[in-house]
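Q: Data file upload-v5.txt (compact mmCIF, C-alpha atoms) is appended below.
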```txt
# COMPACT_ATOMS: atom_id res chain seq x y z
CA MET A 1 -79.96 59.95 75.25
CA LEU A 2 -82.77 61.12 77.55
CA ASN A 3 -84.21 57.61 77.47
CA ALA A 4 -80.87 55.91 78.05
CA LYS A 5 -80.87 53.80 81.22
CA PRO A 6 -78.16 55.79 83.07
CA VAL A 7 -80.01 59.08 82.43
CA GLU A 8 -83.30 57.55 83.56
CA ARG A 9 -81.56 56.31 86.71
CA LEU A 10 -80.06 59.74 87.30
CA ARG A 11 -83.52 61.33 87.01
CA GLU A 12 -84.95 58.72 89.38
CA ILE A 13 -82.26 59.50 91.93
CA ILE A 14 -82.59 63.30 91.84
CA SER A 15 -86.39 63.18 91.98
CA GLY A 16 -86.39 60.49 94.71
CA THR A 17 -87.16 61.07 98.38
CA ASP A 18 -83.69 60.14 99.69
CA TYR A 19 -81.82 62.56 97.44
CA ARG A 20 -84.36 65.33 98.04
CA ARG A 21 -84.00 64.85 101.78
CA ALA A 22 -80.19 64.87 101.55
CA VAL A 23 -80.05 68.05 99.45
CA GLY A 24 -82.87 69.66 101.42
CA SER A 25 -80.67 69.39 104.51
CA LEU A 26 -77.91 71.42 102.83
CA PRO A 27 -78.27 75.07 103.87
CA GLY A 28 -79.49 77.24 100.98
CA TYR A 29 -80.40 74.38 98.65
CA ALA A 30 -83.89 73.38 97.41
CA VAL A 31 -84.97 70.67 94.97
CA ALA A 32 -88.38 71.79 93.77
CA ASP A 33 -88.41 70.35 90.23
CA ALA A 34 -85.39 68.05 90.24
CA GLY A 35 -85.71 65.46 87.47
CA SER A 36 -88.40 67.27 85.49
CA VAL A 37 -87.78 67.57 81.73
CA LYS A 38 -88.52 70.54 79.49
CA THR A 39 -87.88 71.24 75.86
CA VAL A 40 -85.32 73.96 75.25
CA GLN A 41 -88.04 75.99 73.46
CA LYS A 42 -90.25 75.94 76.56
CA PHE A 43 -87.27 76.71 78.78
CA PHE A 44 -86.33 79.74 76.67
CA ARG A 45 -89.95 80.90 76.51
CA GLU A 46 -90.32 80.75 80.29
CA ASN A 47 -87.03 82.52 80.95
CA SER A 48 -86.91 85.27 78.31
CA MET B 49 -68.33 48.89 88.99
CA VAL B 50 -64.96 49.42 90.65
CA ARG B 51 -65.01 52.78 92.45
CA ILE B 52 -61.87 54.75 93.23
CA ASN B 53 -61.50 57.36 95.93
CA ILE B 54 -58.27 59.37 96.05
CA GLU B 55 -57.38 61.34 99.17
CA ALA B 56 -54.43 63.52 100.05
CA ALA B 57 -52.14 62.10 102.76
CA TRP B 58 -50.20 64.35 105.15
CA HIS B 59 -46.64 63.52 106.11
CA PHE B 60 -44.95 65.64 108.76
CA THR B 61 -41.24 65.24 109.28
CA ASN B 62 -38.81 66.42 111.92
CA GLU B 63 -35.12 65.93 112.49
CA THR B 64 -35.47 62.33 113.56
CA SER B 65 -38.11 60.57 111.47
CA PRO B 66 -41.04 61.03 109.09
CA HIS B 67 -44.50 60.82 110.68
CA SER B 68 -47.80 60.30 108.91
CA MET B 69 -50.35 62.84 110.17
CA ARG B 70 -53.43 61.31 108.58
CA VAL B 71 -54.88 59.31 111.46
CA MET B 72 -54.42 62.19 113.85
CA LEU B 73 -56.28 64.66 111.61
CA SER B 74 -59.43 62.55 111.40
CA PHE B 75 -59.26 62.06 115.15
CA LEU B 76 -58.82 65.79 115.81
CA ARG B 77 -61.79 66.52 113.54
CA GLU B 78 -63.91 64.13 115.62
CA ILE B 79 -62.83 65.83 118.87
CA LYS B 80 -63.82 69.20 117.39
CA LEU B 81 -67.24 67.84 116.37
CA SER B 82 -68.07 65.83 119.49
CA GLY B 83 -66.23 67.77 122.18
CA THR B 84 -65.35 64.55 123.99
CA LEU B 85 -62.33 62.34 123.64
CA ALA B 86 -64.30 59.14 124.36
CA THR B 87 -66.78 59.81 121.52
CA ALA B 88 -64.00 60.80 119.11
CA ALA B 89 -62.08 57.60 119.96
CA GLU B 90 -65.21 55.50 119.43
CA HIS B 91 -65.97 57.14 116.05
CA THR B 92 -62.45 56.54 114.80
CA GLY B 93 -62.30 52.97 116.09
CA MET B 94 -59.59 53.59 118.73
CA SER B 95 -59.41 52.64 122.36
CA TYR B 96 -59.51 55.57 124.80
CA ARG B 97 -56.00 54.73 125.94
CA HIS B 98 -54.63 54.58 122.40
CA ALA B 99 -56.32 57.92 121.66
CA TRP B 100 -54.47 59.58 124.56
CA ASN B 101 -51.21 57.98 123.51
CA LEU B 102 -51.69 59.37 120.04
CA ILE B 103 -52.39 62.86 121.35
CA ASP B 104 -49.34 62.72 123.62
CA GLN B 105 -47.16 61.48 120.78
CA TRP B 106 -48.18 64.27 118.41
CA SER B 107 -48.12 66.98 121.05
CA ALA B 108 -44.53 65.91 121.77
CA PHE B 109 -43.77 66.00 118.06
CA PHE B 110 -44.91 69.63 117.77
CA GLY B 111 -43.72 70.65 121.24
CA GLU B 112 -47.23 72.10 121.79
CA PRO B 113 -50.46 70.48 123.04
CA LEU B 114 -53.15 69.71 120.45
CA VAL B 115 -56.01 68.99 122.86
CA GLU B 116 -57.05 70.52 126.19
CA ARG B 117 -59.01 68.45 128.64
CA GLN B 118 -61.26 70.38 131.00
CA ARG B 119 -62.68 68.59 134.02
CA GLY B 120 -66.43 68.14 133.58
CA LYS B 121 -66.46 69.92 130.20
CA GLY B 122 -64.97 67.31 127.87
CA SER B 123 -62.08 67.99 125.51
CA GLN B 124 -61.40 70.78 123.08
CA LEU B 125 -58.74 71.54 120.51
CA THR B 126 -55.99 74.04 121.22
CA PRO B 127 -55.29 76.78 118.64
CA LEU B 128 -52.70 74.44 117.07
CA GLY B 129 -55.17 71.54 116.93
CA ASN B 130 -57.81 73.82 115.40
CA LYS B 131 -55.33 75.13 112.84
CA LEU B 132 -54.51 71.59 111.69
CA VAL B 133 -58.20 70.72 111.31
CA TRP B 134 -58.88 73.92 109.32
CA ALA B 135 -55.83 73.25 107.17
CA GLU B 136 -57.09 69.77 106.33
CA GLN B 137 -60.57 71.07 105.47
CA HIS B 138 -59.05 73.80 103.29
CA LEU B 139 -56.89 71.27 101.47
CA LYS B 140 -59.88 69.00 100.83
CA ALA B 141 -61.94 71.94 99.59
CA ARG B 142 -59.16 73.01 97.23
CA LEU B 143 -58.20 69.61 95.84
CA GLY B 144 -61.49 67.69 96.13
CA PRO B 145 -62.81 68.31 92.59
CA GLN B 146 -59.42 67.66 90.98
CA LEU B 147 -58.89 64.40 92.89
CA HIS B 148 -62.45 63.37 91.99
CA ASN B 149 -61.70 63.96 88.28
CA ILE B 150 -58.51 61.90 88.45
CA ALA B 151 -60.39 59.06 90.21
CA GLN B 152 -63.13 59.15 87.54
CA GLU B 153 -60.54 59.02 84.76
CA LEU B 154 -58.94 55.95 86.35
CA GLU B 155 -62.34 54.30 86.92
CA MET B 156 -63.20 54.68 83.24
CA GLU B 157 -59.81 53.33 82.14
CA LEU B 158 -60.25 50.30 84.39
CA ALA B 159 -63.86 49.81 83.25
CA ASN B 160 -62.63 49.43 79.67
CA LEU B 161 -60.55 46.44 80.76
CA LEU B 162 -63.14 44.71 82.98
CA PRO B 163 -66.02 42.45 81.92
CA ASP B 164 -69.74 43.17 82.40
CA VAL B 165 -69.44 46.90 82.95
CA PRO B 166 -72.77 48.68 82.23
CA PRO B 167 -72.84 51.38 79.52
CA SER B 168 -71.79 54.79 80.78
CA ILE B 169 -72.86 58.36 80.27
CA ARG B 170 -70.64 61.37 80.74
CA ILE B 171 -71.71 64.37 82.82
CA HIS B 172 -69.66 67.56 82.87
CA ALA B 173 -70.69 69.93 85.64
CA SER B 174 -69.35 72.67 87.86
CA HIS B 175 -68.56 71.55 91.39
CA GLY B 176 -71.04 72.25 94.18
CA PHE B 177 -72.64 70.62 97.20
CA ALA B 178 -75.70 69.17 95.41
CA ILE B 179 -73.67 67.68 92.57
CA SER B 180 -71.20 66.27 95.08
CA LYS B 181 -74.13 64.69 96.94
CA LEU B 182 -75.36 63.26 93.65
CA SER B 183 -71.94 61.74 93.08
CA GLU B 184 -72.23 59.99 96.49
CA PHE B 185 -75.68 58.61 95.57
CA LEU B 186 -74.43 57.38 92.20
CA ALA B 187 -71.47 55.67 93.83
CA GLN B 188 -73.89 53.68 96.02
CA ASN B 189 -75.74 52.48 92.95
CA PRO B 190 -73.99 49.45 91.42
CA ASP B 191 -76.03 49.68 88.19
CA SER B 192 -75.08 53.25 87.38
CA ASN B 193 -71.98 53.87 85.36
CA ILE B 194 -71.74 57.63 85.22
CA ASP B 195 -68.53 59.43 84.42
CA LEU B 196 -68.96 62.73 86.30
CA ARG B 197 -66.23 65.32 85.73
CA TYR B 198 -66.06 68.71 87.38
CA MET B 199 -65.38 71.71 85.17
CA THR B 200 -66.63 75.25 84.67
CA ASN B 201 -70.06 76.17 83.27
CA GLN B 202 -68.56 77.26 79.98
CA ALA B 203 -66.26 74.25 79.67
CA SER B 204 -69.19 71.87 80.22
CA LEU B 205 -71.18 73.60 77.46
CA ASP B 206 -68.15 73.38 75.16
CA SER B 207 -67.94 69.65 75.95
CA LEU B 208 -71.62 69.15 75.19
CA ARG B 209 -71.30 70.82 71.80
CA ALA B 210 -68.16 68.81 71.02
CA GLN B 211 -70.04 65.63 72.04
CA GLU B 212 -67.51 64.97 74.78
CA CYS B 213 -70.36 64.52 77.28
CA GLU B 214 -74.04 63.64 77.17
CA LEU B 215 -75.12 65.95 80.00
CA ALA B 216 -73.77 69.37 80.91
CA ALA B 217 -74.76 71.41 83.95
CA ILE B 218 -75.40 75.13 83.96
CA HIS B 219 -76.54 77.57 86.61
CA LEU B 220 -78.65 80.65 85.96
CA PRO B 221 -79.38 83.52 88.35
CA HIS B 222 -82.86 84.75 89.26
CA GLY B 223 -83.90 88.33 88.60
CA GLU B 224 -82.62 90.83 86.06
CA LEU B 225 -79.47 88.88 85.25
CA ARG B 226 -81.52 85.84 84.18
CA LYS B 227 -82.61 87.28 80.82
CA ARG B 228 -79.06 88.17 79.85
CA ALA B 229 -77.80 84.70 80.79
CA VAL B 230 -80.56 83.00 78.80
CA ALA B 231 -79.88 85.23 75.77
CA ALA B 232 -76.23 84.11 75.90
CA LEU B 233 -77.33 80.50 76.22
CA LYS B 234 -79.39 80.71 73.03
CA LYS B 235 -76.16 80.84 71.04
CA TRP B 236 -75.18 77.47 72.51
CA LEU B 237 -78.34 75.39 72.66
CA ASP B 238 -80.01 74.15 69.50
CA PRO B 239 -83.63 73.43 70.57
CA SER B 240 -83.81 70.50 68.15
CA VAL B 241 -80.87 68.76 69.84
CA TYR B 242 -81.13 69.39 73.58
CA CYS B 243 -83.59 69.36 76.46
CA VAL B 244 -83.41 70.72 80.02
CA ILE B 245 -83.59 68.62 83.21
CA GLY B 246 -84.41 70.49 86.42
CA PHE B 247 -81.93 70.01 89.28
CA VAL B 248 -81.63 72.34 92.29
CA THR B 249 -81.90 75.93 93.46
CA ARG B 250 -79.17 77.46 95.60
CA GLU B 251 -78.66 80.65 97.59
CA MET B 252 -75.53 82.67 96.83
CA GLY B 253 -73.98 85.43 98.89
CA LEU B 254 -71.05 86.78 100.84
CA PHE B 255 -69.25 84.74 103.51
CA VAL B 256 -68.29 86.69 106.62
CA ARG B 257 -66.81 85.64 109.93
CA ARG B 258 -69.18 84.93 112.84
CA GLY B 259 -70.84 88.11 114.06
CA ASN B 260 -70.06 89.92 110.77
CA PRO B 261 -67.28 92.09 112.28
CA PHE B 262 -67.23 94.53 109.30
CA ASP B 263 -71.04 94.79 109.21
CA ILE B 264 -71.13 93.77 105.55
CA THR B 265 -74.71 93.93 104.26
CA GLY B 266 -74.15 93.92 100.49
CA LEU B 267 -71.67 94.19 97.64
CA GLY B 268 -71.18 97.93 98.21
CA ALA B 269 -69.15 97.11 101.33
CA LEU B 270 -66.42 95.65 99.12
CA ARG B 271 -65.45 99.22 98.10
CA ASP B 272 -64.01 99.66 101.59
CA PRO B 273 -60.22 99.19 101.16
CA LYS B 274 -59.96 97.75 104.68
CA ILE B 275 -62.15 94.77 103.69
CA THR B 276 -60.21 92.01 101.92
CA PHE B 277 -61.92 89.72 99.43
CA VAL B 278 -61.10 86.29 98.01
CA ASN B 279 -62.39 85.63 94.49
CA ARG B 280 -63.26 82.53 92.45
CA ASP B 281 -61.14 81.40 89.52
CA VAL B 282 -61.51 83.03 86.10
CA GLY B 283 -63.87 80.97 83.92
CA SER B 284 -65.96 79.59 86.79
CA GLY B 285 -69.70 80.26 86.63
CA THR B 286 -69.60 81.82 90.09
CA ARG B 287 -66.85 84.27 89.02
CA ALA B 288 -68.89 85.19 85.94
CA LEU B 289 -71.99 85.75 88.09
CA PHE B 290 -70.00 87.86 90.54
CA GLU B 291 -68.65 90.03 87.71
CA GLN B 292 -72.21 90.55 86.43
CA LEU B 293 -73.36 91.52 89.92
CA LEU B 294 -70.51 94.05 90.19
CA ALA B 295 -71.48 95.57 86.84
CA GLN B 296 -75.14 95.68 87.89
CA ASN B 297 -74.12 97.51 91.09
CA LYS B 298 -71.66 99.77 89.23
CA ILE B 299 -68.70 98.54 91.28
CA ASP B 300 -65.28 98.55 89.64
CA SER B 301 -63.32 95.39 90.45
CA GLY B 302 -60.23 97.60 90.90
CA GLU B 303 -61.87 99.01 94.03
CA ILE B 304 -61.93 95.58 95.72
CA THR B 305 -58.94 94.65 97.87
CA GLY B 306 -57.79 91.09 97.10
CA TYR B 307 -59.88 90.71 93.93
CA GLN B 308 -56.96 88.95 92.21
CA ASN B 309 -56.69 86.27 94.96
CA VAL B 310 -58.57 83.15 93.89
CA GLU B 311 -59.78 79.79 95.20
CA LEU B 312 -61.20 76.99 93.04
CA THR B 313 -64.36 75.95 94.93
CA HIS B 314 -67.10 77.44 97.12
CA ALA B 315 -65.78 75.48 100.09
CA ALA B 316 -62.20 76.66 99.48
CA VAL B 317 -63.39 80.29 99.46
CA ALA B 318 -65.21 79.67 102.75
CA ALA B 319 -62.15 77.97 104.25
CA HIS B 320 -60.00 80.92 103.13
CA VAL B 321 -62.31 83.34 104.99
CA ALA B 322 -62.61 81.03 108.01
CA ARG B 323 -58.82 80.94 108.37
CA GLY B 324 -58.75 84.75 108.41
CA MET B 325 -56.87 84.99 105.11
CA ALA B 326 -59.63 87.30 103.76
CA ASP B 327 -62.63 89.07 105.30
CA THR B 328 -65.19 87.93 102.76
CA GLY B 329 -65.80 85.86 99.61
CA PHE B 330 -68.75 84.95 97.37
CA GLY B 331 -70.36 81.51 97.09
CA VAL B 332 -73.13 79.13 98.17
CA GLU B 333 -74.67 79.31 101.64
CA ALA B 334 -73.86 75.67 102.39
CA ALA B 335 -70.12 76.45 102.24
CA ALA B 336 -70.54 79.26 104.77
CA VAL B 337 -72.33 76.94 107.19
CA GLU B 338 -69.76 74.16 106.72
CA PHE B 339 -67.00 76.51 107.82
CA ASP B 340 -69.00 78.11 110.64
CA LEU B 341 -69.31 81.48 108.90
CA ASP B 342 -72.21 83.93 108.64
CA PHE B 343 -73.87 84.44 105.26
CA VAL B 344 -75.16 87.62 103.59
CA HIS B 345 -77.64 86.62 100.89
CA ILE B 346 -77.17 88.29 97.49
CA ILE B 347 -78.94 86.19 94.82
CA THR B 348 -80.64 82.86 94.05
CA GLU B 349 -79.53 80.55 91.24
CA ASP B 350 -81.14 77.58 89.48
CA TYR B 351 -78.92 74.69 88.48
CA PHE B 352 -79.99 72.62 85.45
CA PHE B 353 -78.72 69.74 83.37
CA ILE B 354 -78.73 70.09 79.60
CA CYS B 355 -79.15 66.72 77.93
CA ARG B 356 -78.50 65.73 74.35
CA ALA B 357 -81.93 64.36 73.43
CA ILE B 358 -85.05 64.63 71.33
CA CYS B 359 -87.77 65.71 73.76
```
Represent the structure from my file as structure tokens, please.

A:
Amino acid sequence: MLNAKPVERLREIISGTDYRRAVGSLPGYAVADAGSVKTVQKFFRENS
Amino acid sequence: MVRINIEAAWHFTNETSPHSMRVMLSFLREIKLSGTLATAAEHTGMSYRHAWNLIDQWSAFFGEPLVERQRGKGSQLTPLGNKLVWAEQHLKARLGPQLHNIAQELEMELANLLPDVPPSIRIHASHGFAISKLSEFLAQNPDSNIDLRYMTNQASLDSLRAQECELAAIHLPHGELRKRAVAALKKWLDPSVYCVIGFVTREMGLFVRRGNPFDITGLGALRDPKITFVNRDVGSGTRALFEQLLAQNKIDSGEITGYQNVELTHAAVAAHVARGMADTGFGVEAAAVEFDLDFVHIITEDYFFICRAIC
């Protein structure tokens, strides 16, 4: 599913300049690693 | 893709005839934003003369003026005009996610009957400003066919496990509460089935009226019986986070005045406080700013997508 076209498009949008600018203008929001992918193992390791 | 947008329409009636309030509300909102009648008329596509006629007509309907014109200072809303604008914003904040879900349901039903519709994916996520912005971006993209439904953190994880969506969104707090949230998540996420897509970070805190009249600096202030609170709905991720914060700060929910009063979105909580129906509520900073409130920061959260995938 990660490689499905709609998911790829979604990742392109959230990591793109326009979306980052739009969300960056919302007070209290930041988009540091929007669109980046991690395995669940790595995610758990980093957050445990 | 055929896109559907559903909005609530206001109909005011009096003894003589029904009147639709919708045009007037958007116009009043523009006056509030711009402070001049000419700019508001231009933004809503009305002539200046028609704009004044409309104001006169509705002021006569209510028997009270909606707009005050001050020589050299432009135009401003009266308390009645302001109340109508706040009421509309509150309604939108309350119903927005539900109307969005109904529109998405209809879009998908129509898509099944139309030719050449691209394949879709289903995203289940809790409502917020960044996800709402994403929905706007997706709607501008004719190639994307994404069925985005708003629901609670837990409901979106349930959907993911039941294969009722391909992506679910979750939010996790920074700090001490993070480890506990991740431990709970381990029961739900099989590492061989899912991966994590980074999304946004958001600041969460207490909404207070301009100038912070009760001098609220943290959650401890909620013990004061004079301070009234408006909560989020049971099952929402924000309510769950708030309950964890209370436990962490050893605050009993029974001590909080208004704890049982709930709104369904961050913006609705902010609108509730802005209308003076409560003194404070908990949610994202963007909602506080939208409703011209001050914000007392409490915690930072990360918002992720969980995707069914082999990474």

Q: Identify which of the residues A:Phe43, A:Arg21, A:Ala34, A:Glu12 lies closest to chain B, counting all atoms listed in the file when measuring atom-to-atom distances.

A: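 Residue with the minimum atom-to-atom distance to chain B: A:Ala34.
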
Q: Within 8 Å of chain B, which residues of chain A show up? Give each one with its shortest atom-to-atom distance in Å (one decimal) and the two atoms involved, counting all atoms listed in the file, rows by chain then rising residue number, as JSON lines.

A:
```
{"residue": "A:Met1", "atom": "CA", "partner": "B:Ala357", "partner_atom": "CA", "distance": 5.2}
{"residue": "A:Leu2", "atom": "CA", "partner": "B:Ala357", "partner_atom": "CA", "distance": 5.3}
{"residue": "A:Pro6", "atom": "CA", "partner": "B:Ser192", "partner_atom": "CA", "distance": 5.9}
{"residue": "A:Val7", "atom": "CA", "partner": "B:Ile169", "partner_atom": "CA", "distance": 7.5}
{"residue": "A:Arg9", "atom": "CA", "partner": "B:Ser192", "partner_atom": "CA", "distance": 7.2}
{"residue": "A:Leu10", "atom": "CA", "partner": "B:Leu186", "partner_atom": "CA", "distance": 7.8}
{"residue": "A:Ile13", "atom": "CA", "partner": "B:Phe185", "partner_atom": "CA", "distance": 7.6}
{"residue": "A:Ile14", "atom": "CA", "partner": "B:Phe247", "partner_atom": "CA", "distance": 7.2}
{"residue": "A:Tyr19", "atom": "CA", "partner": "B:Leu182", "partner_atom": "CA", "distance": 7.5}
{"residue": "A:Ala22", "atom": "CA", "partner": "B:Lys181", "partner_atom": "CA", "distance": 7.6}
{"residue": "A:Val23", "atom": "CA", "partner": "B:Ala178", "partner_atom": "CA", "distance": 6.0}
{"residue": "A:Leu26", "atom": "CA", "partner": "B:Ala334", "partner_atom": "CA", "distance": 5.9}
{"residue": "A:Pro27", "atom": "CA", "partner": "B:Ala334", "partner_atom": "CA", "distance": 4.7}
{"residue": "A:Gly28", "atom": "CA", "partner": "B:Glu251", "partner_atom": "CA", "distance": 4.9}
{"residue": "A:Tyr29", "atom": "CA", "partner": "B:Arg250", "partner_atom": "CA", "distance": 4.5}
{"residue": "A:Ala30", "atom": "CA", "partner": "B:Thr249", "partner_atom": "CA", "distance": 5.1}
{"residue": "A:Val31", "atom": "CA", "partner": "B:Val248", "partner_atom": "CA", "distance": 4.6}
{"residue": "A:Ala32", "atom": "CA", "partner": "B:Val248", "partner_atom": "CA", "distance": 6.9}
{"residue": "A:Asp33", "atom": "CA", "partner": "B:Gly246", "partner_atom": "CA", "distance": 5.5}
{"residue": "A:Ala34", "atom": "CA", "partner": "B:Phe247", "partner_atom": "CA", "distance": 4.1}
{"residue": "A:Gly35", "atom": "CA", "partner": "B:Gly246", "partner_atom": "CA", "distance": 5.3}
{"residue": "A:Ser36", "atom": "CA", "partner": "B:Gly246", "partner_atom": "CA", "distance": 5.2}
{"residue": "A:Val37", "atom": "CA", "partner": "B:Ile245", "partner_atom": "CA", "distance": 4.6}
{"residue": "A:Lys38", "atom": "CA", "partner": "B:Val244", "partner_atom": "CA", "distance": 5.1}
{"residue": "A:Thr39", "atom": "CA", "partner": "B:Cys243", "partner_atom": "CA", "distance": 4.7}
{"residue": "A:Val40", "atom": "CA", "partner": "B:Pro239", "partner_atom": "CA", "distance": 5.0}
{"residue": "A:Gln41", "atom": "CA", "partner": "B:Pro239", "partner_atom": "CA", "distance": 5.9}
{"residue": "A:Phe43", "atom": "CA", "partner": "B:Val244", "partner_atom": "CA", "distance": 7.2}
{"residue": "A:Phe44", "atom": "CA", "partner": "B:Val230", "partner_atom": "CA", "distance": 7.0}
{"residue": "A:Asn47", "atom": "CA", "partner": "B:Lys227", "partner_atom": "CA", "distance": 6.5}
{"residue": "A:Ser48", "atom": "CA", "partner": "B:Lys227", "partner_atom": "CA", "distance": 5.4}
```

Q: B:Ile218, B:Met94, B:Leu102, B:Ile347: which is nearest Gln292 (chain B), counting all atoms listed in the file?

A: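 So, comparing all the options, the nearest one is B:Ile347.
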
Q: Using only C-alpha atoms, which residues sit within 10 Å of region 263-278 of chain B once same-chain residues fewer than 5 positions away are excluded, as an MDAnalysis selection string?

A: chainID B and resid 253:256 290 293:294 297:311 316:318 320:321 324:330 343:346

Q: For a test of reading the model, state the distance in Å between CA of Gly259 (chain B) and CA of Glu78 (chain B), rounded to one decimal.

A: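 Computing the Euclidean distance for CA of Gly259 (chain B) and CA of Glu78 (chain B) yields 25.0 Å.
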
Q: Using only C-alpha atoms, which residues sit within 8 Å of Thr92 (chain B) once same-chain residues fewer than 2 positions away are excluded, as a list in words?

A: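 Listed by chain and then number, they are Ser74, Phe75, Glu78, Ala88, Ala89, Glu90 and Met94 of chain B.
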
Q: Please produce a file of the residues just selected, as a tab-separated table (two decimals), keeping the file's coordinate frame, where the atoms kept are C-alpha atoms.

A:
```tsv
chain	number	residue	atom	x	y	z
B	74	SER	CA	-59.43	62.55	111.40
B	75	PHE	CA	-59.26	62.06	115.15
B	78	GLU	CA	-63.91	64.13	115.62
B	88	ALA	CA	-64.00	60.80	119.11
B	89	ALA	CA	-62.08	57.60	119.96
B	90	GLU	CA	-65.21	55.50	119.43
B	94	MET	CA	-59.59	53.59	118.73
```

Q: In Å to one decimal, how far is CA of Asp340 (chain B) from CA of Arg287 (chain B)?

A: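 So the answer is 22.6 Å.
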
Q: With all atoms listed in the file as the basis for distance, which of B:Ala203, B:Leu225, B:Leu289, B:Leu341 is at the shortest distance from Arg258 (chain B)?

A: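 Using all atoms listed in the file, Arg258 (chain B) sits closest to B:Leu341.
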
Q: How many Å lie between CA of Met156 (chain B) and CA of Asp195 (chain B), rounded to one decimal?

A: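 Between CA of Met156 (chain B) and CA of Asp195 (chain B) the gap is 7.2 Å.
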
Q: Taking all atoms listed in the file into account, name the residue in B:Ala210, B:Ile103, B:Val165, B:Leu73 that is nearest to Trp134 (chain B).

A: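 For Trp134 (chain B), the nearest of the given residues is B:Leu73.
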
Q: Would you kindly return, as number ranges by chain, each protein, DNA or RNA residue with an atom no farther than 9 Å from any atom of Leu114 (chain B), considering all atoms listed in the file and excluding same-chain residues fewer than 6 positions away?

A: B: 76, 103-104, 106-107, 124-130

Q: Using all atoms listed in the file, can you tell me which of B:Glu153, B:Asp281, B:Glu136, B:Glu224 comes closest to Thr200 (chain B)?

A: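 Using all atoms listed in the file, the shortest distance to Thr200 (chain B) belongs to B:Asp281.
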
Q: Which residues come within 12 Å of region 62-64 of chain B, counting all atoms listed in the file, excluding same-chain residues fewer than 3 positions away, as a PyMOL selection string?

A: chain B and resi 59+67-68+106+108-111

Q: Please identify all polymer residues lying at most 10 Å from the point (-62.7, 76.4, 93.3) (file coordinates), using all atoms listed in the file, and present the result as an MDAnalysis selection string.

A: chainID B and resid 141:146 174:176 199:200 279:282 284 286:287 310:317 331

Q: Generate a file of the selected residues that holds C-alpha atoms, formatted as a short mmCIF file (atom, residue, chain, number, x, y, z; two decimals), in the coordinates of the input.

A:
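Okay, this is what ended up in out_37.cif:
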```cif
data_model
loop_
_atom_site.label_atom_id
_atom_site.label_comp_id
_atom_site.auth_asym_id
_atom_site.auth_seq_id
_atom_site.Cartn_x
_atom_site.Cartn_y
_atom_site.Cartn_z
CA ALA B 141 -61.94 71.94 99.59
CA ARG B 142 -59.16 73.01 97.23
CA LEU B 143 -58.20 69.61 95.84
CA GLY B 144 -61.49 67.69 96.13
CA PRO B 145 -62.81 68.31 92.59
CA GLN B 146 -59.42 67.66 90.98
CA SER B 174 -69.35 72.67 87.86
CA HIS B 175 -68.56 71.55 91.39
CA GLY B 176 -71.04 72.25 94.18
CA MET B 199 -65.38 71.71 85.17
CA THR B 200 -66.63 75.25 84.67
CA ASN B 279 -62.39 85.63 94.49
CA ARG B 280 -63.26 82.53 92.45
CA ASP B 281 -61.14 81.40 89.52
CA VAL B 282 -61.51 83.03 86.10
CA SER B 284 -65.96 79.59 86.79
CA THR B 286 -69.60 81.82 90.09
CA ARG B 287 -66.85 84.27 89.02
CA VAL B 310 -58.57 83.15 93.89
CA GLU B 311 -59.78 79.79 95.20
CA LEU B 312 -61.20 76.99 93.04
CA THR B 313 -64.36 75.95 94.93
CA HIS B 314 -67.10 77.44 97.12
CA ALA B 315 -65.78 75.48 100.09
CA ALA B 316 -62.20 76.66 99.48
CA VAL B 317 -63.39 80.29 99.46
CA GLY B 331 -70.36 81.51 97.09
#
```

Q: Near His172 (chain B), within 7 Å and counting all atoms listed in the file, which residues show up once chain neighbours fewer than 3 positions away are dropped, as a list of chain:residue names?

A: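 Those residues are B:Leu196, B:Arg197, B:Tyr198, B:Met199, B:Ser204, B:Cys213, B:Leu215, B:Ala216, B:Ala217.
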
Q: Which residue is closest to Lys131 (chain B)? Choose from B:Arg117, B:Arg70, B:His148, B:Arg77 and count only C-alpha atoms.

A: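 The shortest atom-to-atom distance to Lys131 (chain B) comes from B:Arg77.
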